[in-house]
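Heads up, the thing below is written out as structure tokens.
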Amino acid sequence: MSEVKKTKYFNPYIGGVLLGLVLLAANFVSGRGLGASGAIKSAVVSTVNTVAPSHAENSAFYKNYNESHENPMKSWLVFQMMGVLVGGFLSGAFAKRLKFKVEHSPKITSKRRIIFAILGGMFFGFGSQLGRGCTSGSALSGMAVLSVGGFLTMACIFGTAFALAYFFRKNWI
């Protein structure tokens, strides 16, 4: 009889409490909450400034962003996201879970899983710009300061996920 290896993961309740404490510390230390989409925006603006400076000078969005941010890559959100990436890598290394593989249902191919992940990321990124923040920035940080907008954002994110889960579940189950 083959022995099934159980993967031990961090307790999600403890993880939630720790995330709350990190959010609280971020508010006290920096005066702002957490947020990932702001770091992505800084990286995109810096890339456009480097690759197509004339476009950045002529576009109202890039022009306004550059005028209000001295150096987009010096935003603390960029360093926060670098910490998330390095921390995730180190966590995987310490837990001996660093492997290059695509997790997916046996009913779909790796290619389909990657395509859906990229499309989902693009839609969520677009939505975070329309909603002026992502799950962590708008919803969690907004809820932490008891903002009605934060609660509405979280309700919309989870409500949409619940409503669409039926149509996309075969990609995971």
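We label chains A, B, ... in the order they appear in the structure tokens, count residues from 1 in each chain, and number ligands from 1 in the order shown.
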
With only C-alpha atoms as the counted atoms, please give the residues lying no more than 12 Å from A:Met154, apart from itself and same-chain residues fewer than 4 positions off, as a ChimeraX atom specification. /A:128,131,133-144,147-150,158-161

Pull C-alpha atoms from the residues just selected and write them as a CSV table (one decimal), in the first residue's frame.
```csv
chain,number,residue,atom,x,y,z
A,128,SER,CA,-8.7,47.1,-9.7
A,131,GLY,CA,-12.3,50.3,-8.6
A,133,GLY,CA,-7.7,49.4,-5.7
A,134,CYS,CA,-7.3,45.7,-5.4
A,135,THR,CA,-8.6,43.2,-2.7
A,136,SER,CA,-5.8,44.2,-0.3
A,137,GLY,CA,-5.7,47.9,-1.0
A,138,SER,CA,-9.4,48.8,-1.4
A,139,ALA,CA,-11.2,46.0,0.4
A,140,LEU,CA,-9.0,44.9,3.3
A,141,SER,CA,-7.4,48.3,4.0
A,142,GLY,CA,-10.8,50.0,3.5
A,143,MET,CA,-12.5,47.7,5.9
A,144,ALA,CA,-9.8,48.2,8.4
A,147,SER,CA,-14.9,52.6,5.1
A,148,VAL,CA,-18.2,51.8,3.5
A,149,GLY,CA,-16.4,51.6,0.1
A,150,GLY,CA,-14.1,48.9,1.5
A,158,PHE,CA,-16.7,37.8,-3.4
A,159,GLY,CA,-20.2,38.2,-4.8
A,160,THR,CA,-18.9,38.2,-8.4
A,161,ALA,CA,-16.6,35.2,-7.6
```

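Using only C-alpha atoms, the residues found no farther than 10 Å from A:Phe124, other than those of its own chain fewer than 3 positions away, are Ser37, Ile118, Leu119, Gly120, Gly121, Gly127, Ser128, Gln129, Leu130, Cys134, Thr135 and Ile157 of chain A.
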
Restricting it to N, CA, C and O atoms, dump the selection as a PDB file, in the first residue's frame.
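Saved to again_32.pdb:
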```pdb
ATOM      1  N   SER A  37      -1.972  46.455  -6.300  1.00  0.00           N
ATOM      2  CA  SER A  37      -2.157  47.057  -7.623  1.00  0.00           C
ATOM      3  C   SER A  37      -1.385  48.362  -7.770  1.00  0.00           C
ATOM      4  O   SER A  37      -0.972  48.726  -8.870  1.00  0.00           O
ATOM      5  N   ILE A 118      -3.960  33.795 -16.728  1.00  0.00           N
ATOM      6  CA  ILE A 118      -3.551  35.077 -17.310  1.00  0.00           C
ATOM      7  C   ILE A 118      -4.766  35.962 -17.578  1.00  0.00           C
ATOM      8  O   ILE A 118      -4.768  37.151 -17.244  1.00  0.00           O
ATOM      9  N   LEU A 119      -5.818  35.381 -18.158  1.00  0.00           N
ATOM     10  CA  LEU A 119      -7.039  36.161 -18.416  1.00  0.00           C
ATOM     11  C   LEU A 119      -7.659  36.662 -17.112  1.00  0.00           C
ATOM     12  O   LEU A 119      -8.066  37.824 -17.021  1.00  0.00           O
ATOM     13  N   GLY A 120      -7.713  35.798 -16.109  1.00  0.00           N
ATOM     14  CA  GLY A 120      -8.255  36.208 -14.813  1.00  0.00           C
ATOM     15  C   GLY A 120      -7.444  37.328 -14.195  1.00  0.00           C
ATOM     16  O   GLY A 120      -7.996  38.285 -13.647  1.00  0.00           O
ATOM     17  N   GLY A 121      -6.124  37.230 -14.290  1.00  0.00           N
ATOM     18  CA  GLY A 121      -5.254  38.286 -13.770  1.00  0.00           C
ATOM     19  C   GLY A 121      -5.462  39.603 -14.500  1.00  0.00           C
ATOM     20  O   GLY A 121      -5.482  40.673 -13.884  1.00  0.00           O
ATOM     21  N   GLY A 127     -10.100  45.560 -13.375  1.00  0.00           N
ATOM     22  CA  GLY A 127     -11.118  45.898 -12.377  1.00  0.00           C
ATOM     23  C   GLY A 127     -10.541  46.674 -11.204  1.00  0.00           C
ATOM     24  O   GLY A 127     -11.191  47.581 -10.673  1.00  0.00           O
ATOM     25  N   SER A 128      -9.316  46.335 -10.809  1.00  0.00           N
ATOM     26  CA  SER A 128      -8.715  47.053  -9.680  1.00  0.00           C
ATOM     27  C   SER A 128      -8.419  48.504 -10.048  1.00  0.00           C
ATOM     28  O   SER A 128      -8.458  49.386  -9.185  1.00  0.00           O
ATOM     29  N   GLN A 129      -8.170  48.763 -11.308  1.00  0.00           N
ATOM     30  CA  GLN A 129      -7.955  50.150 -11.726  1.00  0.00           C
ATOM     31  C   GLN A 129      -9.281  50.904 -11.812  1.00  0.00           C
ATOM     32  O   GLN A 129      -9.358  52.072 -11.446  1.00  0.00           O
ATOM     33  N   LEU A 130     -10.337  50.216 -12.262  1.00  0.00           N
ATOM     34  CA  LEU A 130     -11.657  50.854 -12.288  1.00  0.00           C
ATOM     35  C   LEU A 130     -12.148  51.141 -10.871  1.00  0.00           C
ATOM     36  O   LEU A 130     -12.754  52.183 -10.618  1.00  0.00           O
ATOM     37  N   CYS A 134      -7.162  47.118  -5.292  1.00  0.00           N
ATOM     38  CA  CYS A 134      -7.335  45.672  -5.368  1.00  0.00           C
ATOM     39  C   CYS A 134      -7.948  45.151  -4.069  1.00  0.00           C
ATOM     40  O   CYS A 134      -8.374  45.913  -3.214  1.00  0.00           O
ATOM     41  N   THR A 135      -7.981  43.843  -3.931  1.00  0.00           N
ATOM     42  CA  THR A 135      -8.561  43.229  -2.738  1.00  0.00           C
ATOM     43  C   THR A 135      -7.873  43.715  -1.475  1.00  0.00           C
ATOM     44  O   THR A 135      -8.521  44.078  -0.495  1.00  0.00           O
ATOM     45  N   ILE A 157     -16.365  41.812  -4.841  1.00  0.00           N
ATOM     46  CA  ILE A 157     -15.351  40.840  -5.248  1.00  0.00           C
ATOM     47  C   ILE A 157     -15.833  39.431  -4.949  1.00  0.00           C
ATOM     48  O   ILE A 157     -15.827  38.548  -5.817  1.00  0.00           O
TER      49      ILE A 157
END
```

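Of the residues under consideration (A:Leu19, A:Val86, A:Val48, A:Leu24), A:Val48 shows the shortest atom-to-atom contact distance to A:Tyr62 when counting only C-alpha atoms.
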
Please identify all polymer residues within 9 Å of A:Gln80, counting only C-alpha atoms, omitting same-chain residues fewer than 3 positions from it, and present them as a VMD selection string. chain A and resid 34 to 36 39 75 to 77 83 to 85

Please produce an output containing C-alpha atoms for each residue in the selection, written as an mmCIF file, in the first residue's frame.
```cif
data_model
loop_
_atom_site.group_PDB
_atom_site.id
_atom_site.type_symbol
_atom_site.label_atom_id
_atom_site.label_comp_id
_atom_site.auth_asym_id
_atom_site.auth_seq_id
_atom_site.Cartn_x
_atom_site.Cartn_y
_atom_site.Cartn_z
ATOM 1 C CA LEU A 34 -1.628 47.473 2.030
ATOM 2 C CA GLY A 35 -2.086 47.184 -1.715
ATOM 3 C CA ALA A 36 -0.652 45.266 -4.641
ATOM 4 C CA ALA A 39 2.984 48.502 -7.073
ATOM 5 C CA SER A 75 6.945 53.819 -3.723
ATOM 6 C CA TRP A 76 6.739 51.757 -0.549
ATOM 7 C CA LEU A 77 4.162 49.534 -2.302
ATOM 8 C CA GLY A 83 8.904 41.504 0.067
ATOM 9 C CA VAL A 84 5.828 39.402 -0.769
ATOM 10 C CA LEU A 85 7.664 37.745 -3.679
#
```

Restricting the calculation to only C-alpha atoms: of A:Ser91, A:Asn66, A:Ser105, A:Ser30, which residue gets closest to A:Val44?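 Ranked by minimum distance to A:Val44, first place goes to A:Asn66.
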
Could you find all residues in stretch 80-171 of chain A that DSSP calls helix (DSSP H, G or I) from the backbone, and write them as a PyMOL selection string? chain A and resi 80-94+110-130+135-144+148-171

Within 10 Å of stretch 163-170 of chain A, which residues of stretch 47-147 of chain A show up? Give each one with its shortest atom-to-atom distance in Å (one decimal) and the two atoms involved, counting only C-alpha atoms, rows by chain then rising residue number, as JSON lines.
```
{"residue": "A:His104", "atom": "CA", "partner": "A:Lys170", "partner_atom": "CA", "distance": 9.8}
{"residue": "A:Ser105", "atom": "CA", "partner": "A:Lys170", "partner_atom": "CA", "distance": 7.5}
{"residue": "A:Pro106", "atom": "CA", "partner": "A:Lys170", "partner_atom": "CA", "distance": 9.6}
{"residue": "A:Lys107", "atom": "CA", "partner": "A:Lys170", "partner_atom": "CA", "distance": 7.3}
{"residue": "A:Ile108", "atom": "CA", "partner": "A:Lys170", "partner_atom": "CA", "distance": 8.1}
{"residue": "A:Phe116", "atom": "CA", "partner": "A:Phe168", "partner_atom": "CA", "distance": 9.5}
```

Those residues with N, CA and C atoms, as a JSON list (two decimals), in the first residue's frame please?
```json
[["chain", "number", "residue", "atom", "x", "y", "z"],
["A", 104, "HIS", "N", -3.59, 22.05, -11.64],
["A", 104, "HIS", "CA", -4.86, 22.12, -12.35],
["A", 104, "HIS", "C", -5.64, 20.83, -12.17],
["A", 105, "SER", "N", -6.90, 20.91, -12.53],
["A", 105, "SER", "CA", -7.77, 19.74, -12.49],
["A", 105, "SER", "C", -7.32, 18.73, -13.54],
["A", 106, "PRO", "N", -7.51, 17.45, -13.29],
["A", 106, "PRO", "CA", -7.17, 16.46, -14.32],
["A", 106, "PRO", "C", -8.03, 16.60, -15.57],
["A", 107, "LYS", "N", -9.12, 17.36, -15.48],
["A", 107, "LYS", "CA", -10.03, 17.51, -16.62],
["A", 107, "LYS", "C", -9.54, 18.54, -17.64],
["A", 108, "ILE", "N", -8.53, 19.34, -17.30],
["A", 108, "ILE", "CA", -8.05, 20.36, -18.22],
["A", 108, "ILE", "C", -6.53, 20.24, -18.38],
["A", 116, "PHE", "N", -6.31, 30.63, -18.58],
["A", 116, "PHE", "CA", -7.34, 31.16, -17.68],
["A", 116, "PHE", "C", -6.73, 31.99, -16.55]]
```

The distance between atom CA of A:Leu23 and atom CA of A:Val145 is 10.4 Å

If you measure from atom CA of A:Trp172 to atom CA of A:Ala155, what distance in Å do you get, rounded to one decimal? 22.7 Å

Rank nothing, just name the residue among A:Pro53, A:Ile40, A:Lys8, A:Asn171 nearest to A:Thr109, using only C-alpha atoms.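 Looking at the shortest contact to A:Thr109, the residue is A:Asn171.
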
Interatomic distance between atom CA of A:Lys63 and atom CA of A:Asn49? 9.8 Å
